[in-house]
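Some notes on the structure that comes next.
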Amino acid sequence: MGKKSRIKKNRKMDKFTPMQPVQPVQSESLHGNDLFDNNMVRSAYEAMSPEQREKYKKMGEHMFNKIDFVDSQVINSMPVPMGDAAEYTMAGVKSGLHPSELDPNEKLILASTYGDNWYEDLGYEASDLDKVV
(Lines give C-alpha, C1' and ligand atoms only; values in the text may rest on other atoms or scores of the structure.)
Protein backbone atom coordinates (compact mmCIF):
# COMPACT_ATOMS: atom_id res chain seq x y z
CA MET A 1 0.00 0.00 0.00
CA GLY A 2 1.47 3.30 -1.06
CA LYS A 3 1.64 6.48 0.97
CA LYS A 4 -1.34 8.08 -0.83
CA SER A 5 -3.46 4.95 -0.29
CA ARG A 6 -2.71 4.99 3.45
CA ILE A 7 -3.61 8.69 3.65
CA LYS A 8 -6.93 8.07 1.83
CA LYS A 9 -7.68 5.12 4.10
CA ASN A 10 -6.98 7.20 7.21
CA ARG A 11 -9.19 10.02 5.95
CA LYS A 12 -12.04 7.57 5.35
CA MET A 13 -11.61 6.23 8.86
CA ASP A 14 -11.78 9.78 10.24
CA LYS A 15 -15.18 10.23 8.60
CA PHE A 16 -16.44 6.95 9.99
CA THR A 17 -18.77 7.33 12.94
CA PRO A 18 -19.79 4.20 14.79
CA MET A 19 -23.48 3.42 15.04
CA GLN A 20 -25.21 4.56 18.14
CA PRO A 21 -26.40 1.68 20.31
CA VAL A 22 -30.05 0.86 19.83
CA GLN A 23 -32.13 1.71 22.84
CA PRO A 24 -34.45 -1.09 23.96
CA VAL A 25 -38.12 -0.34 23.42
CA GLN A 26 -40.07 0.07 26.61
CA SER A 27 -43.42 -1.70 26.74
CA GLU A 28 -45.18 1.59 27.52
CA SER A 29 -43.97 3.06 24.23
CA LEU A 30 -45.55 0.17 22.31
CA HIS A 31 -48.95 1.10 23.65
CA GLY A 32 -50.98 2.43 20.73
CA ASN A 33 -48.61 0.85 18.20
CA ASP A 34 -50.61 -2.33 17.77
CA LEU A 35 -50.08 -4.19 14.50
CA PHE A 36 -53.80 -4.27 13.71
CA ASP A 37 -54.69 -0.88 15.15
CA ASN A 38 -53.31 1.58 12.64
CA ASN A 39 -54.66 3.88 9.96
CA MET A 40 -53.93 1.52 7.09
CA VAL A 41 -55.86 -1.38 8.64
CA ARG A 42 -58.73 0.89 9.70
CA SER A 43 -59.08 2.37 6.21
CA ALA A 44 -59.02 -1.11 4.63
CA TYR A 45 -61.71 -2.26 7.06
CA GLU A 46 -63.88 0.79 6.34
CA ALA A 47 -63.54 0.21 2.59
CA MET A 48 -64.97 -3.31 2.87
CA SER A 49 -68.62 -4.06 2.26
CA PRO A 50 -70.64 -5.68 5.07
CA GLU A 51 -70.57 -8.96 3.12
CA GLN A 52 -66.77 -8.86 2.92
CA ARG A 53 -66.50 -8.09 6.64
CA GLU A 54 -68.74 -11.08 7.44
CA LYS A 55 -66.72 -13.34 5.14
CA TYR A 56 -63.42 -12.33 6.79
CA LYS A 57 -64.99 -12.75 10.22
CA LYS A 58 -66.05 -16.30 9.35
CA MET A 59 -62.61 -17.07 7.91
CA GLY A 60 -60.96 -15.84 11.11
CA GLU A 61 -63.28 -17.91 13.27
CA HIS A 62 -62.65 -20.93 11.08
CA MET A 63 -58.87 -20.53 11.34
CA PHE A 64 -58.56 -19.64 15.01
CA ASN A 65 -61.13 -22.10 16.35
CA LYS A 66 -58.78 -24.88 15.24
CA ILE A 67 -55.80 -23.68 17.30
CA ASP A 68 -55.28 -24.02 21.03
CA PHE A 69 -53.02 -21.04 21.75
CA VAL A 70 -52.47 -22.02 25.40
CA ASP A 71 -51.03 -25.49 24.67
CA SER A 72 -49.73 -24.56 21.18
CA GLN A 73 -51.60 -27.38 19.47
CA VAL A 74 -53.80 -27.62 16.43
CA ILE A 75 -57.22 -28.93 17.32
CA ASN A 76 -58.04 -31.41 14.60
CA SER A 77 -61.72 -32.12 15.03
CA MET A 78 -62.05 -33.99 11.74
CA PRO A 79 -60.82 -37.54 11.28
CA VAL A 80 -58.14 -37.89 8.60
CA PRO A 81 -60.20 -40.10 6.24
CA MET A 82 -63.06 -37.58 6.32
CA GLY A 83 -60.67 -34.73 5.56
CA ASP A 84 -59.20 -36.72 2.67
CA ALA A 85 -62.68 -37.47 1.36
CA ALA A 86 -63.61 -33.78 1.51
CA GLU A 87 -60.45 -32.76 -0.37
CA TYR A 88 -60.94 -35.51 -2.96
CA THR A 89 -64.59 -34.57 -3.53
CA MET A 90 -63.79 -30.85 -3.72
CA ALA A 91 -61.02 -31.57 -6.24
CA GLY A 92 -63.57 -33.41 -8.36
CA VAL A 93 -66.01 -30.51 -8.30
CA LYS A 94 -63.24 -28.03 -9.10
CA SER A 95 -62.21 -30.25 -12.00
CA GLY A 96 -65.66 -30.11 -13.57
CA LEU A 97 -67.82 -32.63 -11.71
CA HIS A 98 -71.25 -31.03 -11.36
CA PRO A 99 -72.54 -30.83 -7.76
CA SER A 100 -75.77 -32.58 -8.75
CA GLU A 101 -73.68 -35.70 -9.50
CA LEU A 102 -72.50 -35.95 -5.89
CA ASP A 103 -74.19 -38.45 -3.60
CA PRO A 104 -75.82 -37.17 -0.38
CA ASN A 105 -72.87 -38.28 1.78
CA GLU A 106 -70.40 -36.34 -0.36
CA LYS A 107 -72.58 -33.22 -0.15
CA LEU A 108 -72.77 -33.67 3.62
CA ILE A 109 -68.99 -34.01 3.92
CA LEU A 110 -68.44 -30.86 1.84
CA ALA A 111 -71.00 -28.94 3.91
CA SER A 112 -69.43 -29.99 7.21
CA THR A 113 -65.91 -29.23 5.96
CA TYR A 114 -66.34 -26.04 3.93
CA GLY A 115 -69.61 -24.68 5.33
CA ASP A 116 -73.23 -24.98 4.29
CA ASN A 117 -72.77 -22.71 1.27
CA TRP A 118 -69.60 -24.37 -0.06
CA TYR A 119 -70.99 -24.35 -3.61
CA GLU A 120 -71.17 -20.53 -3.73
CA ASP A 121 -67.38 -20.26 -3.65
CA LEU A 122 -67.33 -22.32 -6.85
CA GLY A 123 -69.97 -20.24 -8.63
CA TYR A 124 -72.91 -22.61 -8.09
CA GLU A 125 -76.33 -21.97 -6.57
CA ALA A 126 -78.40 -24.11 -4.20
CA SER A 127 -80.55 -25.28 -7.12
CA ASP A 128 -77.41 -26.74 -8.75
CA LEU A 129 -77.12 -29.31 -5.98
CA ASP A 130 -80.16 -31.19 -7.26
CA LYS A 131 -80.06 -30.86 -11.05
CA VAL A 132 -78.12 -29.29 -13.87
CA VAL A 133 -79.77 -25.96 -14.60
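We name chains A, B, ... following the order of the C-alpha coordinates; residues begin at 1 in each chain, and ligands are numbered from 1 as shown.
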Spatial neighbours of Ser127 (chain A), 12 Å, only C-alpha atoms, chain gap at least 6 places, as number ranges by chain: A: 98-100, 117, 119-120, 133
Can you spit out the residues from that selection as an mmCIF file, in the first residue's frame, using N, CA and C atoms?
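File produced: again-v2.cif:
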data_model
loop_
_atom_site.group_PDB
_atom_site.id
_atom_site.type_symbol
_atom_site.label_atom_id
_atom_site.label_comp_id
_atom_site.auth_asym_id
_atom_site.auth_seq_id
_atom_site.Cartn_x
_atom_site.Cartn_y
_atom_site.Cartn_z
ATOM 1 N N HIS A 98 -70.133 -31.894 -11.760
ATOM 2 C CA HIS A 98 -71.246 -31.032 -11.356
ATOM 3 C C HIS A 98 -71.742 -31.451 -9.977
ATOM 4 N N PRO A 99 -72.083 -30.492 -9.111
ATOM 5 C CA PRO A 99 -72.542 -30.829 -7.756
ATOM 6 C C PRO A 99 -73.771 -31.730 -7.719
ATOM 7 N N SER A 100 -74.589 -31.714 -8.744
ATOM 8 C CA SER A 100 -75.765 -32.582 -8.753
ATOM 9 C C SER A 100 -75.376 -34.048 -8.893
ATOM 10 N N ASN A 117 -72.706 -23.322 2.603
ATOM 11 C CA ASN A 117 -72.775 -22.712 1.270
ATOM 12 C C ASN A 117 -71.476 -22.915 0.489
ATOM 13 N N TYR A 119 -70.814 -24.413 -2.151
ATOM 14 C CA TYR A 119 -70.989 -24.348 -3.606
ATOM 15 C C TYR A 119 -70.916 -22.919 -4.128
ATOM 16 N N GLU A 120 -71.206 -21.936 -3.282
ATOM 17 C CA GLU A 120 -71.171 -20.534 -3.728
ATOM 18 C C GLU A 120 -69.759 -20.087 -4.069
ATOM 19 N N VAL A 133 -78.844 -27.010 -14.171
ATOM 20 C CA VAL A 133 -79.770 -25.960 -14.604
ATOM 21 C C VAL A 133 -79.260 -25.350 -15.888
#
A:Leu110, A:Glu125, A:Lys66, A:Pro104 ranked by distance to Ala91 (chain A), top pick (using only C-alpha atoms): A:Leu110
Selected residue, from A:Tyr124, A:Met63, A:Lys94, A:Thr89, that lies nearest to Lys107 (chain A) when counting only C-alpha atoms: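 With only C-alpha atoms as the atom set, the closest residue is A:Thr89.
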Between CA of Asn38 (chain A) and CA of Lys57 (chain A) - distance in Å to one decimal: 18.6 Å
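Here CA of Leu122 (chain A) and CA of Glu101 (chain A) stand 15.0 Å from one another.
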Strand (DSSP E) positions in region 49-131 of chain A, given as a ChimeraX atom specification: /A:67-68,73-74
Per-residue DSSP, region 33-121 of chain A, filtered to helix (DSSP H, G or I), as a PyMOL selection string: chain A and resi 39-47+50-64+80-94+99-101+104-114+118-121
